[in-house]
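K.L.:
Below is one structure. I have some questions about it.
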Number of protein chains: 2
Amino acid sequence: MDSQAFDADAALKERAVRVIPGGMWGHQNSARLPAGYPQFFSGGEGCRSRDANGRSYIDYMCAWGPMILGYADPDVEEAAARQRAEGDGFNGPTPRLVELAELVVDVVPHADWALFSKNGTDATTACVTTARAGTGRRKVLVARGAYHGAIPWCTPSVAGVTEEDRAHLVPYDYNDVESLEAAAESVKGDLAAILVSAFKHDLGKEHVLPTSAFAQAARRIADAHDAALIVDDVRAGFRLDLGGSWEVVGVRPDLSAWSKAIANGRALAMVTGNDRFREAATKIYTTGSFWTAGVAMAASIATITKLRHVDGVAKMWGAGERLRKGLQAQADKYGLPLKQSGPAQMPVFLFDGDGDRSLGNRFCLEALARGVYFHPTHTMFLSVAHTDAVIDETLEITDEVFKAIA
Amino acid sequence: MDSQAFDADAALKERAVRVIPGGMWGHQNSARLPAGYPQFFSGGEGCRSRDANGRSYIDYMCAWGPMILGYADPDVEEAAARQRAEGDGFNGPTPRLVELAELVVDVVPHADWALFSKNGTDATTACVTTARAGTGRRKVLVARGAYHGAIPWCTPSVAGVTEEDRAHLVPYDYNDVESLEAAAESVKGDLAAILVSAFKHDLGKEHVLPTSAFAQAARRIADAHDAALIVDDVRAGFRLDLGGSWEVVGVRPDLSAWSKAIANGRALAMVTGNDRFREAATKIYTTGSFWTAGVAMAASIATITKLRHVDGVAKMWGAGERLRKGLQAQADKYGLPLKQSGPAQMPVFLFDGDGDRSLGNRFCLEALARGVYFHPTHTMFLSVAHTDAVIDETLEITDEVFKAIA
């Protein structure tokens with residue numbers, strides 16, 4: 001048998017289609033990517049991951065965000081292994097719960113308290129429920145096109161969703177103060193919360209940071225209506241600012257939802273809140289079988305501690321800037337209409353006039369073939385393991401990519 | 001400093017109340033138990049867990065269900081460690097996803113496919129959404145008093161919940177064919193699903209297995225209305241029958257929700273379904289950042305394999321019967337109105353005429369003081385690590401307990 005010719009990814013896909021609807025579900029379904037992307041992965045270290053065929057990539061998705069220190073970070077793994085030896089899930093939490101909540105309250109300025117769960121959706125949902133319990137009101141303002149999770153009240157697909165699931169959501173446009181004000185006025189007296197993403201990171205669209213005017217208006221309108229300001233920091237949390245992404249615009253929410261990167265890959269999500277919503281948070285009932293497990297919490301403590309110690313945010317920003325400048329110079333050199341947006345640590349690469357995505361897809365596939373894993377439409381993620389040397393290695397490859405597609 | 005006098009659990013609780021609303025949330029909040037129960041845990045092996053003060057218990061909660069082979073089962077830990085060395089979360093799943101789905105389809109007769117997530121609530125919600133997507137209808141019949149998760153459509157507390165969250169739920173009484181029929185008739189033409197628990201295991205109430213008549217009626221009514229029959233096997237899955245809990249009554253659902261014990265404590269949940277709902281499952285959008293992580297799936301493969309190999313269900317049933325008979329003899333001897341119910345592997349112990357729970361609470365507290373962890377109102381859980389010797393050790397203790405409270 002010619003082992004070179006054996007395509008493990010294709011073989012796994014063939015088996016998968018028999019026992020998994022459509023062969024895969026959700027955001028990691030490779031059918032959502034241009035043909036050529038691998039579906040299955042078998043290893044990773046630092047900024048590199050390896051697919052089931054053993055091909056290694058400089059990985060700019062970081063498992064869709066979680067790997068903020070890189071795959072298999074030794075400090076996080078050591079802390080997790082230590083906790084694993086002590087134990088994980090019991091009839092109650094481990095002491096790590098208290099230590100982690102104390103650390104979070106110390107690191108996140110708006111946080112007077114924290115609750116933990118497993119999915120980003122758990123956290124966004126608990127924020128909305130807490131806001132409703134605290135205000136006794138129902139309406140939640142949500143930006144058009146924003147992603148806040150994957151259960152009926154928020155999932156992007158409407159299959160299996162009823163009208164009532166979204167009965168109390170009121171749309172506004174991100175960074176548009178007037179539309180936010182109008183949305184709030186339209187439900188005056190029944191406004192529970194304004195829900196905002198850390199920044200505008202809608203799929204396939206330019207990513208835009210919140211303007212200072214918008215952030216301040218959101219705070220002001222929430223206060224004027226006695227409603228909660230909720231920041232959905234699930235995707236961005238700990239990459240823009242350890243204290244929460246809206247620290248960069250100087251506005252503090254009442255409640256925030258976190259997940260993805262907070263435990264460097266271990267399943268963990270979190271709600272942070274201020275004292276105004278502390279009592280409301282005791283009234284709602286939200287829970288799960290694995291929410292107090294100690295290993296993910298030990299991993300989170302190690303992750304936060306290391307991010308602080310190495311100034312992880314600055315490192316990721318620096319690497320992202322280096323990549324951005326290098327790519328821009330290459331795009332200019334080859335005359336390609338690359339349009340980079342988003343914070344440097346969480347970029348998206350689109351091309352002007354690329355309505356059918358053919359240029360973006362080709363760019364990503366040529367990079368993939370040369371060992372760089374980009375995503376053509378989704379927010380990408382840098383990690384602390386993306387050093388300057390890795391960025392330079394990437395740029396050598398992208399120079400070839402631009403040349404190939406120019 | 002007198003280390004004997006230091007109460008680590010009390011000290012942790014005092015710290016927790018500052019940084020966690022009410023000091024704890026959800027089902028593991030020890031404030032929901034009689035005073036005297038520990039909140040924090042620091043270790044466990046087999047059928048025993050250890051609280052933060054180092055007190056060891058024969059544990060009849062098994063972390064509220066997950067530890068079906070016992071804490072730190074060596075075979076599961078080895079499989080998990082092997083996968084951890086290869087990696088956990090990536091840009092796509094690991095090959096363990098396919099292997100686990102294949103194993104589940106092999107073990108569970110009604111399963112033509114499987115999807116994985118993290119919480120029991122993820123799985124029950126995805127079942128309902130899939131049923132709605134597949135039928136194009138909205139109404140879901142739900143038994144009065146049944147627990148199906150902790151987000152607004154199903155959570156037991158109504159704080160922060162709107163009327164619309166439950167607009168399409170229609171109540172019936174478990175094991176009451178007439179009420180089920182009437183509920184289905186009342187929404188004729190709009191019935192998406194009948195949702196049933198594996199057995200009636202409502203908090204603080206006698207636990208009752210489904211009657212054969214009820215199970216068959218549920219299947220018949222679902223078919224007559226072209227709706228889905230969904231079994232919520234989150235709590236019971238793999239303890240009554242590896243093929244799903246309704247195998248014991250000979251009725252196969254279209255969709256099932258699983259979690260808790262399926263990976264012996266690792267965070268994992270699952271939906272299984274038949275071919276009728278395969279396409280519907282490809283239409284809904286349900287996903288999460290950690291849902292394809294390989295370590296929990298490797299743990300699940302090892303858990304199912306071992307449960308099969310050691311005939312885990314029979315072992316748990318045998319141990320449960322031994323405990324039940326022993327307790328009954330002791331209750332008779334001391335003249336106490338103990339009322340045991342539920343399957344032997346998942347019992348609940350109540351006392352006749354104990355409206356204020358004073359007798360049940362005392363029974364549990366006296367057992368706790370002697371090193372046996374029972375729950376006064378919730379379903380309990382036996383594991384494969386609860387050997388006959390452990391049951392006999394328990395019964396020696398409960399004899400003292402009955403004597404003390406008689």
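Residue names in the structure tokens use chain letters A, B, ... in the order shown, residue numbers from 1 in each chain, and ligand numbers from 1 in the order shown.
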Write down as number ranges by chain the residues belonging to range 44-219 of chain B that are assigned strand (DSSP E) by DSSP computed on the backbone.

P.N.:
B: 44-45, 48-51, 56-59, 113-117, 139-143, 169-172, 191-197

K.L.:
Write the residues of the preceding selection, restricted to N, CA and C atoms, as a tab-separated table (two decimals), in the first residue's frame.

P.N.:
```tsv
chain	number	residue	atom	x	y	z
B	44	GLY	N	-11.07	12.45	44.56
B	44	GLY	CA	-11.99	11.32	44.45
B	44	GLY	C	-11.34	10.17	43.71
B	45	GLU	N	-11.77	8.97	44.08
B	45	GLU	CA	-11.28	7.77	43.40
B	45	GLU	C	-12.35	6.70	43.53
B	48	ARG	N	-15.55	6.87	45.86
B	48	ARG	CA	-15.34	7.79	46.98
B	48	ARG	C	-14.88	9.17	46.51
B	49	SER	N	-15.42	10.19	47.16
B	49	SER	CA	-14.93	11.55	46.92
B	49	SER	C	-14.54	12.16	48.26
B	50	ARG	N	-13.77	13.25	48.16
B	50	ARG	CA	-13.21	13.86	49.37
B	50	ARG	C	-13.50	15.35	49.33
B	51	ASP	N	-14.04	15.89	50.44
B	51	ASP	CA	-14.34	17.31	50.44
B	51	ASP	C	-13.09	18.13	50.74
B	56	SER	N	-13.68	11.97	53.61
B	56	SER	CA	-13.97	11.08	52.50
B	56	SER	C	-15.38	10.50	52.62
B	57	TYR	N	-16.06	10.36	51.50
B	57	TYR	CA	-17.42	9.82	51.50
B	57	TYR	C	-17.54	8.67	50.50
B	58	ILE	N	-18.33	7.67	50.85
B	58	ILE	CA	-18.86	6.77	49.83
B	58	ILE	C	-19.93	7.60	49.12
B	59	ASP	N	-19.74	7.82	47.84
B	59	ASP	CA	-20.46	8.89	47.14
B	59	ASP	C	-21.59	8.31	46.29
B	113	TRP	N	-27.42	8.16	13.56
B	113	TRP	CA	-26.41	9.22	13.55
B	113	TRP	C	-26.30	9.83	14.94
B	114	ALA	N	-25.23	10.59	15.13
B	114	ALA	CA	-25.03	11.29	16.40
B	114	ALA	C	-24.39	12.65	16.15
B	115	LEU	N	-24.70	13.58	17.05
B	115	LEU	CA	-24.07	14.91	17.09
B	115	LEU	C	-23.61	15.12	18.53
B	116	PHE	N	-22.56	15.90	18.73
B	116	PHE	CA	-22.03	16.07	20.08
B	116	PHE	C	-22.00	17.54	20.49
B	117	SER	N	-22.15	17.75	21.80
B	117	SER	CA	-22.08	19.10	22.34
B	117	SER	C	-21.53	19.01	23.77
B	139	LYS	N	-45.31	22.82	18.23
B	139	LYS	CA	-45.70	22.43	19.59
B	139	LYS	C	-44.92	21.23	20.12
B	140	VAL	N	-44.56	21.30	21.39
B	140	VAL	CA	-43.81	20.22	22.04
B	140	VAL	C	-44.54	19.85	23.33
B	141	LEU	N	-44.89	18.58	23.47
B	141	LEU	CA	-45.54	18.12	24.70
B	141	LEU	C	-44.47	17.81	25.75
B	142	VAL	N	-44.63	18.37	26.93
B	142	VAL	CA	-43.65	18.22	28.01
B	142	VAL	C	-44.38	17.83	29.29
B	143	ALA	N	-43.86	16.82	29.99
B	143	ALA	CA	-44.53	16.36	31.22
B	143	ALA	C	-44.44	17.41	32.32
B	169	LEU	N	-44.95	25.07	24.43
B	169	LEU	CA	-44.91	23.86	25.26
B	169	LEU	C	-46.32	23.55	25.74
B	170	VAL	N	-46.67	22.26	25.68
B	170	VAL	CA	-48.01	21.83	26.09
B	170	VAL	C	-47.83	20.74	27.14
B	171	PRO	N	-48.41	20.93	28.34
B	171	PRO	CA	-48.15	19.96	29.41
B	171	PRO	C	-49.00	18.68	29.32
B	172	TYR	N	-48.43	17.60	29.82
B	172	TYR	CA	-49.17	16.36	30.03
B	172	TYR	C	-48.64	15.74	31.31
B	191	LEU	N	-48.13	19.70	15.92
B	191	LEU	CA	-47.32	18.96	16.90
B	191	LEU	C	-45.97	18.58	16.30
B	192	ALA	N	-44.91	19.11	16.88
B	192	ALA	CA	-43.55	18.79	16.43
B	192	ALA	C	-42.98	17.60	17.18
B	193	ALA	N	-43.24	17.52	18.50
B	193	ALA	CA	-42.58	16.46	19.27
B	193	ALA	C	-43.28	16.17	20.58
B	194	ILE	N	-43.11	14.92	21.01
B	194	ILE	CA	-43.43	14.53	22.38
B	194	ILE	C	-42.10	14.33	23.08
B	195	LEU	N	-41.89	15.08	24.16
B	195	LEU	CA	-40.64	14.99	24.92
B	195	LEU	C	-40.91	14.22	26.21
B	196	VAL	N	-40.17	13.14	26.40
B	196	VAL	CA	-40.34	12.33	27.62
B	196	VAL	C	-39.00	12.14	28.31
B	197	SER	N	-39.00	12.17	29.63
B	197	SER	CA	-37.82	11.78	30.39
B	197	SER	C	-37.68	10.27	30.32
```

K.L.:
Quick one: residues within 10 Å of range 331-335 of chain A, only C-alpha atoms, excluding same-chain residues fewer than 5 positions away - as a ChimeraX atom specification?

P.N.:
/A:325-326,398-399,402-406

K.L.:
Please determine, counting only C-alpha atoms, which residue among A:Thr94, A:Ser259, A:Ser383, A:Gln328 has the shortest atom-to-atom distance to chain B.

P.N.:
A:Thr94

K.L.:
Counting only C-alpha atoms, which residue out of A:Phe90, A:Ala8, A:Val158, A:Phe238 sits closest to Cys47 in chain B?

P.N.:
A:Phe90

K.L.:
Within range 70-251 of chain A, find each residue whose DSSP state, derived from the backbone, is helix (DSSP H, G or I), and express the selection as a PyMOL selection string.

P.N.:
chain A and resi 74-86+96-107+120-135+163-166+177-186+212-224+245-249

K.L.:
Extract, using only C-alpha atoms, all DNA, RNA and protein residues at most 6 Å from range 64-67 of chain B, discarding same-chain residues fewer than 6 positions from it, and format them as a PyMOL selection string.

P.N.:
chain B and resi 260-261+264-265+381

K.L.:
For the residues in that selection, give me N, CA and C atoms as a PDB file, in the first residue's frame.

P.N.:
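For reference, again.pdb as written:
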```pdb
ATOM      1  N   LYS B 260     -24.220  13.822  30.890  1.00  0.00           N
ATOM      2  CA  LYS B 260     -23.771  13.314  32.197  1.00  0.00           C
ATOM      3  C   LYS B 260     -22.733  12.192  32.120  1.00  0.00           C
ATOM      4  N   ALA B 261     -23.200  10.935  32.029  1.00  0.00           N
ATOM      5  CA  ALA B 261     -22.299   9.796  32.219  1.00  0.00           C
ATOM      6  C   ALA B 261     -21.576   9.349  30.955  1.00  0.00           C
ATOM      7  N   ASN B 264     -17.772   9.579  31.364  1.00  0.00           N
ATOM      8  CA  ASN B 264     -17.305   9.393  32.740  1.00  0.00           C
ATOM      9  C   ASN B 264     -16.726  10.674  33.365  1.00  0.00           C
ATOM     10  N   GLY B 265     -17.430  11.769  33.159  1.00  0.00           N
ATOM     11  CA  GLY B 265     -17.051  13.007  33.840  1.00  0.00           C
ATOM     12  C   GLY B 265     -16.504  14.090  32.939  1.00  0.00           C
ATOM     13  N   PHE B 381     -27.078   8.228  42.230  1.00  0.00           N
ATOM     14  CA  PHE B 381     -26.441   7.488  41.133  1.00  0.00           C
ATOM     15  C   PHE B 381     -25.462   6.468  41.692  1.00  0.00           C
TER      16      PHE B 381
END
```

K.L.:
Pick the closest to chain A from B:Pro34, B:Pro253, B:Pro337, B:Gly120: which is it, counting only C-alpha atoms?

P.N.:
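Distance minimum relative to chain A lands on B:Gly120.
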
K.L.:
Which residues come within 8 Å of range 72-76 of chain A, counting only C-alpha atoms, excluding same-chain residues fewer than 6 positions away, as a list in words?

P.N.:
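My list of contacting residues is Gly44, Glu45, Gly46, Asn264, Ala299, Ser300, Ala302, Thr303 and Lys306 of chain A; Gly87 of chain B.
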
K.L.:
Between A:Leu240, A:Ala280, A:Met346, A:Val251, which one has atoms that come closest to Met380 in chain A, using only C-alpha atoms?

P.N.:
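Of all the options, A:Met346 lies closest to Met380 in chain A.
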
K.L.:
Excluding Ala133 in chain B and any residue of its chain fewer than 2 positions from it, enumerate the residues within 10 Å of it, using only C-alpha atoms, and give them as a PyMOL selection string.

P.N.:
(chain A and resi 158-162) or (chain B and resi 127-131+135-138+192+277+279-284)

K.L.:
Hey, what's within 9 Å of Asn91 in chain B if we count only C-alpha atoms and toss same-chain stuff fewer than 3 positions away? As a PyMOL selection string, please?

P.N.:
chain A and resi 28+39-41+49+59+61-64

K.L.:
Using only C-alpha atoms, can you tell me which of A:Gly204, A:Gly355, A:Gly22, A:Gly312 comes closest to chain B?

P.N.:
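Closest candidate: A:Gly22.
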
K.L.:
Can you pull out the residues contacting Arg219 in chain A? Cut-off 12 Å, using only C-alpha atoms, and skip same-chain residues under 4 positions away; I want them as a PyMOL selection string.

P.N.:
chain A and resi 177+180-181+193-196+212-215+223-231+246+249-255

K.L.:
Please report the interatomic distance between CA of Pro156 in chain A and CA of Val98 in chain B in Å with one decimal.

P.N.:
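Spanning CA of Pro156 in chain A to CA of Val98 in chain B is a straight-line distance of 25.9 Å.
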
K.L.:
With only C-alpha atoms as the basis for distance, which of B:Ser256, B:Asn361, B:Thr292, B:Thr379 is at the shortest distance from Ala111 in chain B?

P.N.:
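Smallest separation from Ala111 in chain B among the options: B:Ser256.
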